[in-house]
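Enquirer: If you scroll down you'll find the structure; I have some questions about it.
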Amino acid sequence: MIFGAPAYFARHGRPGHPDDLENHHCVLHAADDPDIEKWPFRVAGKHKSVRVRGRFRTDSAAAAHVAVARGLGLGRAPLWQIRRLVDDGVVEVVLENFEITRIPIHAVWPSTKIPLAKTKLFTDVLAARLKSADF
């Protein structure tokens, strides 16, 4: 998800299309991708990478989220990482209509004849929470 602080939007406006990011400051999180200056989108049903730029780069998700919340630029992160910031109104999501295909989550554990009770309980709780979550 692409997100930014209301104060940032008040100063620089809200991007309406991925191509608008050319005129915006972005907070670049190095752990996202080897090429942190290209952000993926889906435009007209096709994959499109958009080159972004920013003065703030970090390998820490927490630092990137704080920088965006303080209005230094737009950020990119999975919604589950920024959910509390969104719910609290600290940041707002933009360009939702251009979000790339979601990545499925898999739980993997060693093969056994009878699954361990704690493994079964964990996967059941995880599945229930993910089904009820509003991503």
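Chains: A, B, ... in order of the structure tokens. Residues: from 1 per chain. Ligands: from 1, in order shown.
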Would you mind listing what lies within 7 Å of stretch 33-42 of chain A as a PyMOL selection string, with only C-alpha atoms counted and same-chain residues fewer than 3 positions away left out?
Expert: chain A and resi 28-30+45-53+98-100
Enquirer: Using only C-alpha atoms, which residues sit within 12 Å of A:Ile105 once same-chain residues fewer than 5 positions away are excluded, as a ChimeraX atom specification?
Expert: /A:123,126-127,130-131
Enquirer: Can you write just those residues out, N, CA, C and O atoms, as a tab-separated table (two decimals), in the first residue's frame?
Expert:
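Ended up saving to selection-v1.tsv:
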```tsv
chain	number	residue	atom	x	y	z
A	123	THR	N	-2.22	-22.56	13.59
A	123	THR	CA	-2.72	-22.39	12.23
A	123	THR	C	-4.23	-22.12	12.21
A	123	THR	O	-4.71	-21.34	11.39
A	126	LEU	N	-4.57	-18.45	13.31
A	126	LEU	CA	-4.09	-17.60	12.22
A	126	LEU	C	-5.12	-17.53	11.10
A	126	LEU	O	-5.45	-16.45	10.61
A	127	ALA	N	-5.63	-18.67	10.67
A	127	ALA	CA	-6.61	-18.70	9.59
A	127	ALA	C	-7.87	-17.94	9.96
A	127	ALA	O	-8.41	-17.16	9.15
A	130	LEU	N	-7.08	-14.14	9.93
A	130	LEU	CA	-6.91	-13.63	8.56
A	130	LEU	C	-8.24	-13.56	7.82
A	130	LEU	O	-8.47	-12.63	7.04
A	131	LYS	N	-9.12	-14.52	8.05
A	131	LYS	CA	-10.43	-14.49	7.39
A	131	LYS	C	-11.26	-13.30	7.86
A	131	LYS	O	-12.00	-12.71	7.10
```
Enquirer: Quick one: pull the distance between atom CA of A:Leu79 and atom CA of A:Pro104, Å, one decimal.
Expert: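 Computing the Euclidean distance for atom CA of A:Leu79 and atom CA of A:Pro104 yields 13.7 Å.
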Enquirer: Which one of A:Ala128, A:Val68, A:Val43, A:Ala7 sits closest to A:Asn97 if you count only C-alpha atoms?
Expert: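 Looking at the shortest contact to A:Asn97, the residue is A:Val43.
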Enquirer: Name all residues at most 12 Å from A:Arg83 (count only C-alpha atoms; drop same-chain ones fewer than 4 positions away) and give them as a ChimeraX atom specification.
Expert: /A:1,3,65,77-79,87-93,133-135
Enquirer: Hey, what's within 8 Å of stretch 12-19 of chain A if we count only C-alpha atoms and toss same-chain stuff fewer than 2 positions away? As a ChimeraX atom specification, please?
Expert: /A:8-10,21-22,24,41,50,94-95,98
Enquirer: Taking the DSSP assignment computed from this structure's backbone, write out as a short mmCIF file (atom, residue, chain, number, x, y, z; two decimals) with all heavy atoms, in the first residue's frame all residues of chain A that belong to alpha helix (DSSP H).
Expert:
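This went into states_7.cif:
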```
data_model
loop_
_atom_site.label_atom_id
_atom_site.label_comp_id
_atom_site.auth_asym_id
_atom_site.auth_seq_id
_atom_site.Cartn_x
_atom_site.Cartn_y
_atom_site.Cartn_z
N PRO A 6 -1.58 13.14 6.57
CA PRO A 6 -2.44 14.25 6.14
C PRO A 6 -1.67 15.56 5.95
O PRO A 6 -1.95 16.32 5.02
CB PRO A 6 -3.46 14.36 7.28
CG PRO A 6 -3.53 12.97 7.84
CD PRO A 6 -2.12 12.44 7.73
N ALA A 7 -0.67 15.82 6.81
CA ALA A 7 0.12 17.04 6.67
C ALA A 7 0.90 17.05 5.35
O ALA A 7 1.03 18.10 4.70
CB ALA A 7 1.08 17.18 7.86
N TYR A 8 1.41 15.90 4.94
CA TYR A 8 2.12 15.81 3.66
C TYR A 8 1.16 16.12 2.52
O TYR A 8 1.47 16.89 1.61
CB TYR A 8 2.75 14.42 3.47
CG TYR A 8 3.41 14.30 2.12
CD1 TYR A 8 4.72 14.71 1.92
CD2 TYR A 8 2.71 13.81 1.02
CE1 TYR A 8 5.32 14.65 0.67
CE2 TYR A 8 3.29 13.73 -0.23
CZ TYR A 8 4.59 14.15 -0.40
OH TYR A 8 5.18 14.10 -1.65
N PHE A 9 -0.04 15.52 2.57
CA PHE A 9 -1.03 15.75 1.51
C PHE A 9 -1.46 17.21 1.46
O PHE A 9 -1.71 17.75 0.39
CB PHE A 9 -2.24 14.83 1.68
CG PHE A 9 -1.90 13.37 1.52
CD1 PHE A 9 -2.34 12.44 2.44
CD2 PHE A 9 -1.14 12.92 0.45
CE1 PHE A 9 -2.04 11.09 2.30
CE2 PHE A 9 -0.83 11.58 0.29
CZ PHE A 9 -1.28 10.66 1.22
N ALA A 10 -1.55 17.87 2.61
CA ALA A 10 -1.93 19.28 2.65
C ALA A 10 -0.89 20.15 1.94
O ALA A 10 -1.24 21.13 1.27
CB ALA A 10 -2.11 19.73 4.09
N ARG A 11 0.39 19.79 2.05
CA ARG A 11 1.46 20.56 1.42
C ARG A 11 1.70 20.19 -0.04
O ARG A 11 2.02 21.05 -0.86
CB ARG A 11 2.78 20.35 2.19
CG ARG A 11 2.84 21.09 3.50
CD ARG A 11 4.26 21.09 4.11
NE ARG A 11 4.95 19.82 4.09
CZ ARG A 11 4.84 18.86 5.02
NH1 ARG A 11 4.04 19.03 6.05
NH2 ARG A 11 5.53 17.76 4.92
N HIS A 12 1.57 18.90 -0.37
CA HIS A 12 1.98 18.43 -1.70
C HIS A 12 0.85 17.85 -2.55
O HIS A 12 1.08 17.50 -3.71
CB HIS A 12 3.08 17.37 -1.56
CG HIS A 12 4.28 17.85 -0.82
ND1 HIS A 12 5.22 18.68 -1.39
CD2 HIS A 12 4.70 17.65 0.45
CE1 HIS A 12 6.17 18.96 -0.50
NE2 HIS A 12 5.86 18.35 0.62
N ALA A 61 11.84 -0.74 8.87
CA ALA A 61 10.42 -0.47 8.61
C ALA A 61 9.88 0.53 9.61
O ALA A 61 9.13 1.44 9.25
CB ALA A 61 9.62 -1.77 8.67
N ALA A 62 10.28 0.41 10.87
CA ALA A 62 9.79 1.34 11.90
C ALA A 62 10.22 2.77 11.58
O ALA A 62 9.41 3.70 11.69
CB ALA A 62 10.32 0.91 13.27
N ALA A 63 11.47 2.96 11.18
CA ALA A 63 11.95 4.30 10.83
C ALA A 63 11.21 4.85 9.61
O ALA A 63 10.86 6.03 9.57
CB ALA A 63 13.45 4.27 10.57
N ALA A 64 10.97 4.00 8.63
CA ALA A 64 10.23 4.44 7.44
C ALA A 64 8.82 4.87 7.81
O ALA A 64 8.33 5.90 7.34
CB ALA A 64 10.20 3.32 6.40
N HIS A 65 8.16 4.11 8.67
CA HIS A 65 6.79 4.44 9.06
C HIS A 65 6.74 5.75 9.83
O HIS A 65 5.84 6.57 9.62
CB HIS A 65 6.18 3.31 9.88
CG HIS A 65 6.12 2.02 9.12
ND1 HIS A 65 5.89 0.81 9.74
CD2 HIS A 65 6.28 1.72 7.81
CE1 HIS A 65 5.90 -0.15 8.85
NE2 HIS A 65 6.13 0.38 7.67
N VAL A 66 7.71 5.97 10.71
CA VAL A 66 7.76 7.23 11.47
C VAL A 66 8.01 8.40 10.52
O VAL A 66 7.39 9.46 10.64
CB VAL A 66 8.83 7.17 12.58
CG1 VAL A 66 9.08 8.54 13.18
CG2 VAL A 66 8.42 6.18 13.66
N ALA A 67 8.92 8.23 9.58
CA ALA A 67 9.23 9.29 8.62
C ALA A 67 7.98 9.68 7.82
O ALA A 67 7.71 10.87 7.62
CB ALA A 67 10.36 8.86 7.69
N VAL A 68 7.24 8.69 7.37
CA VAL A 68 6.01 8.98 6.63
C VAL A 68 4.99 9.66 7.54
O VAL A 68 4.37 10.65 7.16
CB VAL A 68 5.42 7.69 6.01
CG1 VAL A 68 4.06 7.97 5.38
CG2 VAL A 68 6.37 7.12 4.96
N ALA A 69 4.82 9.14 8.75
CA ALA A 69 3.87 9.73 9.70
C ALA A 69 4.22 11.19 10.02
O ALA A 69 3.33 12.00 10.27
CB ALA A 69 3.83 8.90 10.98
N LEU A 79 -0.29 -3.49 4.24
CA LEU A 79 -1.30 -2.89 5.10
C LEU A 79 -1.20 -3.39 6.52
O LEU A 79 -1.39 -2.63 7.47
CB LEU A 79 -2.70 -3.12 4.54
CG LEU A 79 -3.84 -2.44 5.29
CD1 LEU A 79 -3.62 -0.94 5.40
CD2 LEU A 79 -5.16 -2.74 4.62
N TRP A 80 -0.86 -4.66 6.72
CA TRP A 80 -0.81 -5.19 8.09
C TRP A 80 0.26 -4.48 8.91
O TRP A 80 0.15 -4.38 10.12
CB TRP A 80 -0.61 -6.71 8.11
CG TRP A 80 0.67 -7.20 7.51
CD1 TRP A 80 0.88 -7.60 6.23
CD2 TRP A 80 1.93 -7.35 8.18
NE1 TRP A 80 2.19 -7.98 6.05
CE2 TRP A 80 2.86 -7.84 7.24
CE3 TRP A 80 2.37 -7.11 9.48
CZ2 TRP A 80 4.19 -8.10 7.55
CZ3 TRP A 80 3.70 -7.37 9.79
CH2 TRP A 80 4.58 -7.86 8.83
N GLN A 81 1.30 -3.93 8.26
CA GLN A 81 2.35 -3.23 9.00
C GLN A 81 1.91 -1.83 9.44
O GLN A 81 2.38 -1.33 10.45
CB GLN A 81 3.62 -3.09 8.16
CG GLN A 81 4.41 -4.35 8.04
CD GLN A 81 5.72 -4.11 7.29
OE1 GLN A 81 6.02 -3.02 6.81
NE2 GLN A 81 6.52 -5.16 7.19
N ILE A 82 1.03 -1.21 8.68
CA ILE A 82 0.64 0.16 8.97
C ILE A 82 -0.81 0.28 9.44
O ILE A 82 -1.32 1.38 9.60
CB ILE A 82 0.87 1.07 7.75
CG1 ILE A 82 0.07 0.58 6.55
CG2 ILE A 82 2.36 1.18 7.44
CD1 ILE A 82 0.00 1.58 5.40
N ARG A 83 -1.47 -0.85 9.67
CA ARG A 83 -2.89 -0.86 10.03
C ARG A 83 -3.20 0.08 11.19
O ARG A 83 -4.15 0.85 11.14
CB ARG A 83 -3.33 -2.29 10.35
CG ARG A 83 -4.69 -2.42 10.99
CD ARG A 83 -5.81 -1.85 10.18
NE ARG A 83 -6.15 -2.75 9.12
CZ ARG A 83 -6.99 -2.43 8.14
NH1 ARG A 83 -7.55 -1.25 8.10
NH2 ARG A 83 -7.26 -3.27 7.19
N ARG A 84 -2.42 0.03 12.26
CA ARG A 84 -2.69 0.88 13.42
C ARG A 84 -2.56 2.36 13.05
O ARG A 84 -3.36 3.19 13.48
CB ARG A 84 -1.77 0.54 14.58
CG ARG A 84 -2.03 1.45 15.79
CD ARG A 84 -1.62 0.90 17.10
NE ARG A 84 -2.54 -0.18 17.46
CZ ARG A 84 -2.16 -1.30 18.04
NH1 ARG A 84 -0.91 -1.50 18.35
NH2 ARG A 84 -3.04 -2.22 18.35
N LEU A 85 -1.56 2.72 12.26
CA LEU A 85 -1.39 4.11 11.83
C LEU A 85 -2.59 4.58 11.01
O LEU A 85 -3.05 5.72 11.16
CB LEU A 85 -0.11 4.28 11.02
CG LEU A 85 1.21 4.05 11.76
CD1 LEU A 85 2.38 4.07 10.78
CD2 LEU A 85 1.41 5.09 12.84
N VAL A 86 -3.10 3.70 10.15
CA VAL A 86 -4.27 4.03 9.34
C VAL A 86 -5.50 4.17 10.24
O VAL A 86 -6.24 5.16 10.15
CB VAL A 86 -4.51 2.97 8.24
CG1 VAL A 86 -5.83 3.21 7.53
CG2 VAL A 86 -3.35 2.96 7.25
N ASP A 87 -5.73 3.20 11.10
CA ASP A 87 -6.89 3.22 11.99
C ASP A 87 -6.89 4.44 12.91
O ASP A 87 -7.95 4.97 13.23
CB ASP A 87 -6.97 1.94 12.83
CG ASP A 87 -7.33 0.72 11.99
OD1 ASP A 87 -7.75 0.89 10.83
OD2 ASP A 87 -7.17 -0.40 12.51
N ALA A 117 -0.22 -30.35 18.67
CA ALA A 117 -1.40 -29.58 19.10
C ALA A 117 -1.15 -28.08 18.98
O ALA A 117 -2.02 -27.34 18.52
CB ALA A 117 -1.78 -29.97 20.52
N LYS A 118 0.04 -27.62 19.38
CA LYS A 118 0.31 -26.19 19.32
C LYS A 118 0.39 -25.69 17.88
O LYS A 118 -0.01 -24.57 17.58
CB LYS A 118 1.55 -25.82 20.12
CG LYS A 118 2.83 -26.43 19.64
CD LYS A 118 3.98 -26.07 20.57
CE LYS A 118 5.25 -26.77 20.14
NZ LYS A 118 6.35 -26.50 21.06
N THR A 119 0.89 -26.53 16.96
CA THR A 119 0.94 -26.15 15.56
C THR A 119 -0.47 -26.05 15.00
O THR A 119 -0.81 -25.09 14.30
CB THR A 119 1.76 -27.16 14.75
OG1 THR A 119 3.07 -27.25 15.30
CG2 THR A 119 1.84 -26.77 13.28
N LYS A 120 -1.30 -27.03 15.30
CA LYS A 120 -2.69 -27.02 14.83
C LYS A 120 -3.44 -25.81 15.39
O LYS A 120 -4.15 -25.12 14.66
CB LYS A 120 -3.37 -28.33 15.25
CG LYS A 120 -4.83 -28.41 14.90
CD LYS A 120 -5.02 -28.83 13.46
CE LYS A 120 -6.48 -29.15 13.20
NZ LYS A 120 -7.12 -28.17 12.37
N LEU A 121 -3.27 -25.54 16.67
CA LEU A 121 -3.93 -24.40 17.29
C LEU A 121 -3.48 -23.09 16.65
O LEU A 121 -4.30 -22.22 16.32
CB LEU A 121 -3.65 -24.38 18.80
CG LEU A 121 -4.24 -23.21 19.57
CD1 LEU A 121 -5.76 -23.22 19.49
CD2 LEU A 121 -3.78 -23.24 21.02
N PHE A 122 -2.18 -22.96 16.44
CA PHE A 122 -1.65 -21.74 15.82
C PHE A 122 -2.23 -21.53 14.43
O PHE A 122 -2.69 -20.43 14.10
CB PHE A 122 -0.12 -21.79 15.75
CG PHE A 122 0.46 -20.67 14.93
CD1 PHE A 122 0.53 -19.39 15.45
CD2 PHE A 122 0.92 -20.90 13.64
CE1 PHE A 122 1.04 -18.34 14.69
CE2 PHE A 122 1.44 -19.86 12.88
CZ PHE A 122 1.50 -18.58 13.40
N THR A 123 -2.22 -22.56 13.59
CA THR A 123 -2.72 -22.39 12.23
C THR A 123 -4.23 -22.12 12.21
O THR A 123 -4.71 -21.34 11.39
CB THR A 123 -2.38 -23.59 11.34
OG1 THR A 123 -2.88 -24.78 11.93
CG2 THR A 123 -0.88 -23.70 11.12
N ASP A 124 -4.96 -22.71 13.13
CA ASP A 124 -6.41 -22.45 13.21
C ASP A 124 -6.68 -21.00 13.61
O ASP A 124 -7.54 -20.34 13.03
CB ASP A 124 -7.08 -23.40 14.20
CG ASP A 124 -7.15 -24.84 13.69
OD1 ASP A 124 -6.89 -25.07 12.49
OD2 ASP A 124 -7.44 -25.74 14.52
N VAL A 125 -5.95 -20.51 14.61
CA VAL A 125 -6.12 -19.12 15.05
C VAL A 125 -5.70 -18.16 13.94
O VAL A 125 -6.39 -17.18 13.65
CB VAL A 125 -5.33 -18.86 16.35
CG1 VAL A 125 -5.28 -17.37 16.67
CG2 VAL A 125 -5.94 -19.63 17.51
N LEU A 126 -4.57 -18.45 13.31
CA LEU A 126 -4.09 -17.60 12.22
C LEU A 126 -5.12 -17.53 11.10
O LEU A 126 -5.45 -16.45 10.61
CB LEU A 126 -2.75 -18.12 11.70
CG LEU A 126 -2.13 -17.36 10.53
CD1 LEU A 126 -1.78 -15.94 10.93
CD2 LEU A 126 -0.89 -18.09 10.03
N ALA A 127 -5.63 -18.67 10.67
CA ALA A 127 -6.61 -18.70 9.59
C ALA A 127 -7.87 -17.94 9.96
O ALA A 127 -8.41 -17.16 9.15
CB ALA A 127 -6.96 -20.15 9.24
N ALA A 128 -8.35 -18.09 11.18
CA ALA A 128 -9.56 -17.39 11.64
C ALA A 128 -9.33 -15.87 11.65
O ALA A 128 -10.20 -15.11 11.19
CB ALA A 128 -9.98 -17.88 13.02
N ARG A 129 -8.18 -15.45 12.13
CA ARG A 129 -7.91 -13.99 12.19
C ARG A 129 -7.74 -13.41 10.79
O ARG A 129 -8.17 -12.29 10.53
CB ARG A 129 -6.69 -13.72 13.04
CG ARG A 129 -6.99 -13.92 14.49
CD ARG A 129 -5.91 -13.39 15.38
NE ARG A 129 -6.26 -13.58 16.76
CZ ARG A 129 -5.48 -13.26 17.76
NH1 ARG A 129 -4.30 -12.75 17.54
NH2 ARG A 129 -5.88 -13.45 19.00
N LEU A 130 -7.08 -14.14 9.93
CA LEU A 130 -6.91 -13.63 8.56
C LEU A 130 -8.24 -13.56 7.82
O LEU A 130 -8.47 -12.63 7.04
CB LEU A 130 -5.91 -14.48 7.80
CG LEU A 130 -4.45 -14.34 8.26
CD1 LEU A 130 -3.57 -15.36 7.55
CD2 LEU A 130 -3.93 -12.94 8.03
N LYS A 131 -9.12 -14.52 8.05
CA LYS A 131 -10.43 -14.49 7.39
C LYS A 131 -11.26 -13.30 7.86
O LYS A 131 -12.00 -12.71 7.10
CB LYS A 131 -11.20 -15.78 7.68
CG LYS A 131 -10.72 -16.95 6.85
CD LYS A 131 -11.52 -18.20 7.15
CE LYS A 131 -10.95 -19.38 6.43
NZ LYS A 131 -11.63 -20.64 6.78
N SER A 132 -11.12 -12.92 9.12
CA SER A 132 -11.92 -11.83 9.66
C SER A 132 -11.26 -10.47 9.49
O SER A 132 -11.88 -9.45 9.74
CB SER A 132 -12.21 -12.07 11.14
OG SER A 132 -11.02 -11.99 11.91
#
```
Enquirer: As number ranges by chain, please: every residue in stretch 5-46 of chain A that a backbone DSSP assignment puts in strand (DSSP E).
Expert: A: 27-29, 38-43, 46
Enquirer: Write the residues you've just listed into a file as a CSV table (one decimal), in the first residue's frame, and include C-alpha atoms for each of them.
Expert:
```
chain,number,residue,atom,x,y,z
A,27,VAL,CA,10.5,7.4,1.9
A,28,LEU,CA,12.5,4.5,0.6
A,29,HIS,CA,12.6,1.3,2.6
A,38,LYS,CA,10.9,1.2,-8.4
A,39,TRP,CA,7.4,0.7,-7.0
A,40,PRO,CA,5.1,-1.9,-8.6
A,41,PHE,CA,1.5,-1.1,-9.6
A,42,ARG,CA,-1.3,-2.5,-11.7
A,43,VAL,CA,-2.4,0.0,-14.3
A,46,LYS,CA,-1.0,-4.7,-16.5
```
Enquirer: What does the structure give for the distance between atom CA of A:Arg55 and atom CA of A:Asn23, in Å to one decimal?
Expert: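 Separation between atom CA of A:Arg55 and atom CA of A:Asn23: 13.2 Å.
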Enquirer: What is the distance between atom CA of A:Thr58 and atom CA of A:Ile2, in Å to one decimal?
Expert: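 Computed distance, atom CA of A:Thr58 to atom CA of A:Ile2, equals 16.5 Å.
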Enquirer: Give me, as number ranges by chain, all polymer residues having an atom no more than 7 Å from A:His25, counting only C-alpha atoms and skipping those fewer than 4 positions away in the same chain.
Expert: A: 53-54, 73-74
